[in-house]
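The file final-v2.txt contains compact mmCIF, C-alpha atoms and all ligand atoms:
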```txt
# COMPACT_ATOMS: atom_id res chain seq x y z
CA MET A 1 0.00 0.00 0.00
CA THR A 2 1.32 3.40 -0.97
CA ILE A 3 0.09 6.44 0.89
CA LEU A 4 0.88 9.63 -0.99
CA LYS A 5 1.40 13.03 0.61
CA ILE A 6 -1.66 15.26 0.26
CA VAL A 7 -0.86 18.75 -0.98
CA THR A 8 -2.57 21.45 1.06
CA TYR A 9 -3.87 24.94 0.33
CA PRO A 10 -2.47 27.44 -0.68
CA ASP A 11 -0.06 25.31 -2.73
CA PRO A 12 -0.39 26.63 -6.33
CA VAL A 13 -0.54 23.09 -7.75
CA LEU A 14 -4.12 22.94 -6.45
CA SER A 15 -5.10 25.90 -8.62
CA THR A 16 -3.64 24.49 -11.82
CA ALA A 17 -5.77 22.86 -14.53
CA CYS A 18 -4.89 19.21 -15.25
CA LYS A 19 -4.12 17.57 -18.58
CA PRO A 20 -6.28 14.75 -19.98
CA VAL A 21 -4.83 11.25 -19.84
CA GLU A 22 -4.07 9.87 -23.31
CA LYS A 23 -4.15 6.20 -22.36
CA VAL A 24 -4.90 4.24 -19.19
CA THR A 25 -1.45 2.70 -18.77
CA LYS A 26 -0.01 0.67 -15.87
CA GLU A 27 1.30 3.95 -14.43
CA ILE A 28 -2.19 5.47 -14.47
CA GLN A 29 -3.57 2.31 -12.84
CA ALA A 30 -0.88 2.56 -10.14
CA LEU A 31 -1.90 6.19 -9.59
CA LEU A 32 -5.57 5.13 -9.28
CA THR A 33 -4.61 2.51 -6.68
CA ASP A 34 -2.39 4.89 -4.70
CA LEU A 35 -5.08 7.61 -4.76
CA ALA A 36 -7.64 5.17 -3.34
CA ASP A 37 -5.22 3.97 -0.61
CA THR A 38 -4.43 7.59 0.25
CA MET A 39 -8.10 8.59 0.39
CA TYR A 40 -9.02 5.76 2.78
CA GLU A 41 -6.00 6.39 5.03
CA ALA A 42 -6.09 10.20 5.10
CA PRO A 43 -6.84 11.92 8.39
CA GLY A 44 -10.54 12.75 8.42
CA HIS A 45 -13.05 10.78 6.41
CA GLY A 46 -12.26 11.57 2.77
CA ILE A 47 -14.83 10.37 0.23
CA GLY A 48 -13.00 11.64 -2.84
CA LEU A 49 -9.51 12.53 -3.97
CA ALA A 50 -8.17 14.06 -7.19
CA ALA A 51 -4.69 13.59 -8.66
CA PRO A 52 -3.64 17.27 -8.24
CA GLN A 53 -4.15 16.78 -4.49
CA VAL A 54 -1.11 14.49 -4.55
CA GLY A 55 0.77 16.83 -6.90
CA VAL A 56 -0.05 15.00 -10.16
CA LEU A 57 -1.61 17.25 -12.82
CA LYS A 58 -3.63 14.55 -14.59
CA ARG A 59 -7.40 14.20 -14.99
CA VAL A 60 -7.77 11.30 -12.56
CA ILE A 61 -10.09 11.02 -9.53
CA VAL A 62 -11.27 8.41 -7.03
CA LEU A 63 -14.46 8.41 -4.98
CA ASP A 64 -16.21 6.22 -2.46
CA THR A 65 -19.11 7.99 -0.78
CA GLN A 66 -20.24 4.87 1.09
CA TRP A 67 -17.19 3.66 2.97
CA LYS A 68 -17.40 3.36 6.73
CA GLU A 69 -14.99 3.17 9.58
CA GLU A 70 -16.04 1.08 12.54
CA LYS A 71 -13.54 1.50 15.35
CA THR A 72 -10.33 1.05 13.37
CA VAL A 73 -11.73 -1.26 10.69
CA LYS A 74 -12.35 0.35 7.30
CA LYS A 75 -15.22 -1.09 5.27
CA LYS A 76 -15.11 -0.10 1.64
CA GLY A 77 -18.34 0.92 -0.09
CA ARG A 78 -18.31 1.32 -3.84
CA LEU A 79 -15.01 2.64 -5.14
CA TYR A 80 -14.96 4.60 -8.41
CA GLN A 81 -11.61 5.19 -10.09
CA LEU A 82 -12.18 7.57 -12.99
CA VAL A 83 -9.98 8.91 -15.78
CA ASN A 84 -10.88 12.02 -17.83
CA PRO A 85 -14.29 12.45 -16.15
CA VAL A 86 -16.64 14.90 -17.86
CA ILE A 87 -20.04 16.09 -16.65
CA THR A 88 -22.40 15.67 -19.61
CA LYS A 89 -25.67 16.54 -17.85
CA LYS A 90 -26.65 18.55 -14.77
CA THR A 91 -30.16 18.87 -13.33
CA GLY A 92 -31.69 20.36 -10.20
CA ALA A 93 -29.93 22.32 -7.50
CA LEU A 94 -28.90 21.88 -3.89
CA GLU A 95 -26.55 23.34 -1.33
CA TRP A 96 -24.00 21.26 0.48
CA ASP A 97 -21.53 22.08 3.26
CA GLU A 98 -18.32 20.71 1.74
CA GLY A 99 -14.89 20.01 3.16
CA CYS A 100 -11.68 19.08 1.33
CA LEU A 101 -8.69 16.92 2.32
CA SER A 102 -6.43 19.67 0.91
CA ILE A 103 -8.03 22.39 3.06
CA PRO A 104 -8.07 20.86 6.55
CA GLY A 105 -10.35 22.55 9.05
CA PHE A 106 -12.28 24.47 6.38
CA SER A 107 -15.78 24.03 5.02
CA GLN A 108 -17.90 26.00 2.60
CA MET A 109 -21.56 25.96 1.59
CA MET A 110 -21.56 25.15 -2.12
CA LYS A 111 -24.32 25.42 -4.70
CA ARG A 112 -24.32 22.27 -6.82
CA ALA A 113 -26.47 20.39 -9.29
CA LYS A 114 -28.59 17.74 -7.57
CA GLN A 115 -28.13 15.18 -10.33
CA VAL A 116 -25.24 14.76 -12.74
CA THR A 117 -24.30 12.39 -15.52
CA VAL A 118 -20.58 11.78 -15.80
CA GLU A 119 -18.71 10.05 -18.60
CA ALA A 120 -15.21 8.75 -17.96
CA LEU A 121 -12.82 5.86 -18.47
CA ASP A 122 -12.59 3.26 -15.73
CA TYR A 123 -9.54 1.47 -14.25
CA ASN A 124 -9.37 -0.76 -17.33
CA GLY A 125 -9.67 2.12 -19.79
CA LYS A 126 -13.28 1.23 -20.65
CA PRO A 127 -15.89 4.00 -21.09
CA ILE A 128 -18.26 4.29 -18.14
CA THR A 129 -21.37 6.45 -17.66
CA ILE A 130 -22.42 7.33 -14.13
CA GLU A 131 -25.78 8.74 -13.05
CA ALA A 132 -25.42 10.29 -9.62
CA GLU A 133 -27.47 12.35 -7.22
CA ASP A 134 -27.15 14.11 -3.87
CA LEU A 135 -23.88 13.39 -2.01
CA PHE A 136 -22.46 11.27 -4.85
CA ALA A 137 -23.27 14.01 -7.37
CA VAL A 138 -21.77 16.65 -5.05
CA CYS A 139 -18.60 14.60 -4.66
CA LEU A 140 -18.22 14.13 -8.43
CA GLN A 141 -18.63 17.89 -8.99
CA HIS A 142 -16.11 18.67 -6.20
CA GLU A 143 -13.47 16.26 -7.57
CA ILE A 144 -13.94 17.35 -11.19
CA ASP A 145 -13.55 20.97 -10.03
CA HIS A 146 -10.13 19.96 -8.63
CA LEU A 147 -9.09 18.92 -12.17
CA ASP A 148 -9.83 22.46 -13.33
CA GLY A 149 -7.91 24.00 -10.45
CA LYS A 150 -11.13 25.07 -8.69
CA LEU A 151 -11.39 24.86 -4.91
CA ILE A 152 -14.25 25.33 -2.45
CA ILE A 153 -12.24 28.10 -0.76
CA ASP A 154 -12.44 30.10 -4.02
CA LYS A 155 -16.15 30.56 -3.24
CA ALA A 156 -15.53 31.91 0.26
CA SER A 157 -15.64 35.61 1.09
CA ARG A 158 -12.29 37.40 1.03
CA LEU A 159 -12.46 37.76 4.83
CA LYS A 160 -13.07 34.05 5.41
CA LYS A 161 -10.32 33.13 2.94
CA ASN A 162 -7.81 35.50 4.54
CA LEU A 163 -8.62 34.24 8.02
CA TYR A 164 -7.95 30.69 6.89
CA ILE A 165 -4.65 31.63 5.21
CA GLU A 166 -3.60 33.47 8.38
CA GLN A 167 -4.43 30.39 10.45
CA VAL A 168 -2.36 28.16 8.12
CA ARG A 169 0.62 30.57 8.36
CA LYS A 170 0.47 30.52 12.16
CA THR A 171 0.38 26.74 12.23
CA ILE A 172 3.37 26.52 9.88
CA SER A 173 5.47 28.99 11.89
CA LYS A 174 4.55 27.16 15.12
CA ASP A 175 5.68 23.83 13.60
CA HIS A 176 8.93 25.49 12.55
CA LYS A 177 9.67 26.72 16.04
CA GLU A 178 8.97 23.31 17.48
CA ALA A 179 11.25 21.69 14.89
CA ILE A 180 14.09 24.13 15.67
CA LEU A 181 13.78 23.70 19.41
NI NI A 201 -11.25 18.43 -2.29
```

Could you quickly redo this structure as structure tokens?
Ligand code: NI
Amino acid sequence: MTILKIVTYPDPVLSTACKPVEKVTKEIQALLTDLADTMYEAPGHGIGLAAPQVGVLKRVIVLDTQWKEEKTVKKKGRLYQLVNPVITKKTGALEWDEGCLSIPGFSQMMKRAKQVTVEALDYNGKPITIEAEDLFAVCLQHEIDHLDGKLIIDKASRLKKNLYIEQVRKTISKDHKEAIL
């Protein structure tokens, strides 16, 4: 099992648009596996992870909105490993309070479509069409946003954003001091 390091805000890699994958090679499959391992093992209960969050600017995401953790045992739900996902249909509207593994301690109310249709390639490079609604649809929209360099914090007010950045700076300088001492 390979656990990758999750890049955190405000690292500029998170705001960079990703390139489409030309072919689902062994390397892409390894990335899909590592992303899933990293999502399940990350601190907090991550239900989705996009390649740029581990510093890889490729259009690759993983999601499992159903997995559960009972005591220390992780029970997988349905894992989706998607390459070049594209939203082909959006209907309805809802608001969801979203968090992000790359923005620890932050959440933002987001306006999303209630239902989406997504076309992608699966782990084996085969075309797959997904019809999703509610949390699953929200998660797909959140992860696909990552591939375009869009983050939930981009929708926050300037004040809220600045407060978060200030908090991150303080934490970093505190860690530094502790490391030096
Ligand atoms: Ni995220």

- prompt: Once you count all atoms listed in the file, which residues end up within 7 Å of ligand NI 201 (chain A), and could you hand them over as a list in words?
  reply: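 If we count all atoms listed in the file, the neighbours of ligand NI 201 (chain A) turn out to be Leu49, Gly99, Cys100, Leu101, Ser102, His142, Glu143, His146 and Leu151 of chain A.
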
File dump, residues just selected, C-alpha atoms, as a short mmCIF file (atom, residue, chain, number, x, y, z; two decimals), keeping the file's coordinate frame:
```
data_model
loop_
_atom_site.label_atom_id
_atom_site.label_comp_id
_atom_site.auth_asym_id
_atom_site.auth_seq_id
_atom_site.Cartn_x
_atom_site.Cartn_y
_atom_site.Cartn_z
CA LEU A 49 -9.51 12.53 -3.97
CA GLY A 99 -14.89 20.01 3.16
CA CYS A 100 -11.68 19.08 1.33
CA LEU A 101 -8.69 16.92 2.32
CA SER A 102 -6.43 19.67 0.91
CA HIS A 142 -16.11 18.67 -6.20
CA GLU A 143 -13.47 16.26 -7.57
CA HIS A 146 -10.13 19.96 -8.63
CA LEU A 151 -11.39 24.86 -4.91
#
```

message: Using all atoms listed in the file, list the residues that have an atom at most 10 Å from (-3.7, 10.6, -20.1), coordinates as in the file, as a list in words.
response: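 Returned residue set, sorted by chain then number, is Cys18, Lys19, Pro20, Val21, Glu22, Lys23, Val24, Thr25, Ile28, Lys58, Arg59, Val60, Val83 and Asn84 of chain A.
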
message: Neighbouring residues of segment 155-170 of chain A were defined as those with any atom within 9 Å, considering only C-alpha atoms; residues of the same chain fewer than 3 positions away were excluded. Please report them as a ChimeraX atom specification.
response: /A:9-10,105-106,108-110,151-152,173-175

Print the selection's residues with C-alpha atoms to a file, as a PDB file, in the frame of the given file.
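out04.pdb was written with the following content:
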```pdb
ATOM      1  CA  TYR A   9      -3.870  24.940   0.330  1.00  0.00           C
ATOM      2  CA  PRO A  10      -2.470  27.440  -0.680  1.00  0.00           C
ATOM      3  CA  GLY A 105     -10.350  22.550   9.050  1.00  0.00           C
ATOM      4  CA  PHE A 106     -12.280  24.470   6.380  1.00  0.00           C
ATOM      5  CA  GLN A 108     -17.900  26.000   2.600  1.00  0.00           C
ATOM      6  CA  MET A 109     -21.560  25.960   1.590  1.00  0.00           C
ATOM      7  CA  MET A 110     -21.560  25.150  -2.120  1.00  0.00           C
ATOM      8  CA  LEU A 151     -11.390  24.860  -4.910  1.00  0.00           C
ATOM      9  CA  ILE A 152     -14.250  25.330  -2.450  1.00  0.00           C
ATOM     10  CA  SER A 173       5.470  28.990  11.890  1.00  0.00           C
ATOM     11  CA  LYS A 174       4.550  27.160  15.120  1.00  0.00           C
ATOM     12  CA  ASP A 175       5.680  23.830  13.600  1.00  0.00           C
TER      13      ASP A 175
END
```

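The shortest atom-to-atom distance to Glu41 of chain A, with all atoms listed in the file taken into account, belongs to A:Thr72 out of A:Thr8, A:Thr16, A:Thr72, A:Ser107.
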
message: Under the rule that only C-alpha atoms are counted, which of A:Gln29, A:Thr38, A:Gln141, A:Thr171 is the nearest residue to Val116 of chain A?
response: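 Smallest separation from Val116 of chain A among the options: A:Gln141.
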
query: Using only C-alpha atoms, which residues sit within 10 Å of Glu69 of chain A once same-chain residues fewer than 4 positions away are excluded, as an MDAnalysis selection string?
result: chainID A and resid 40 45 73:76
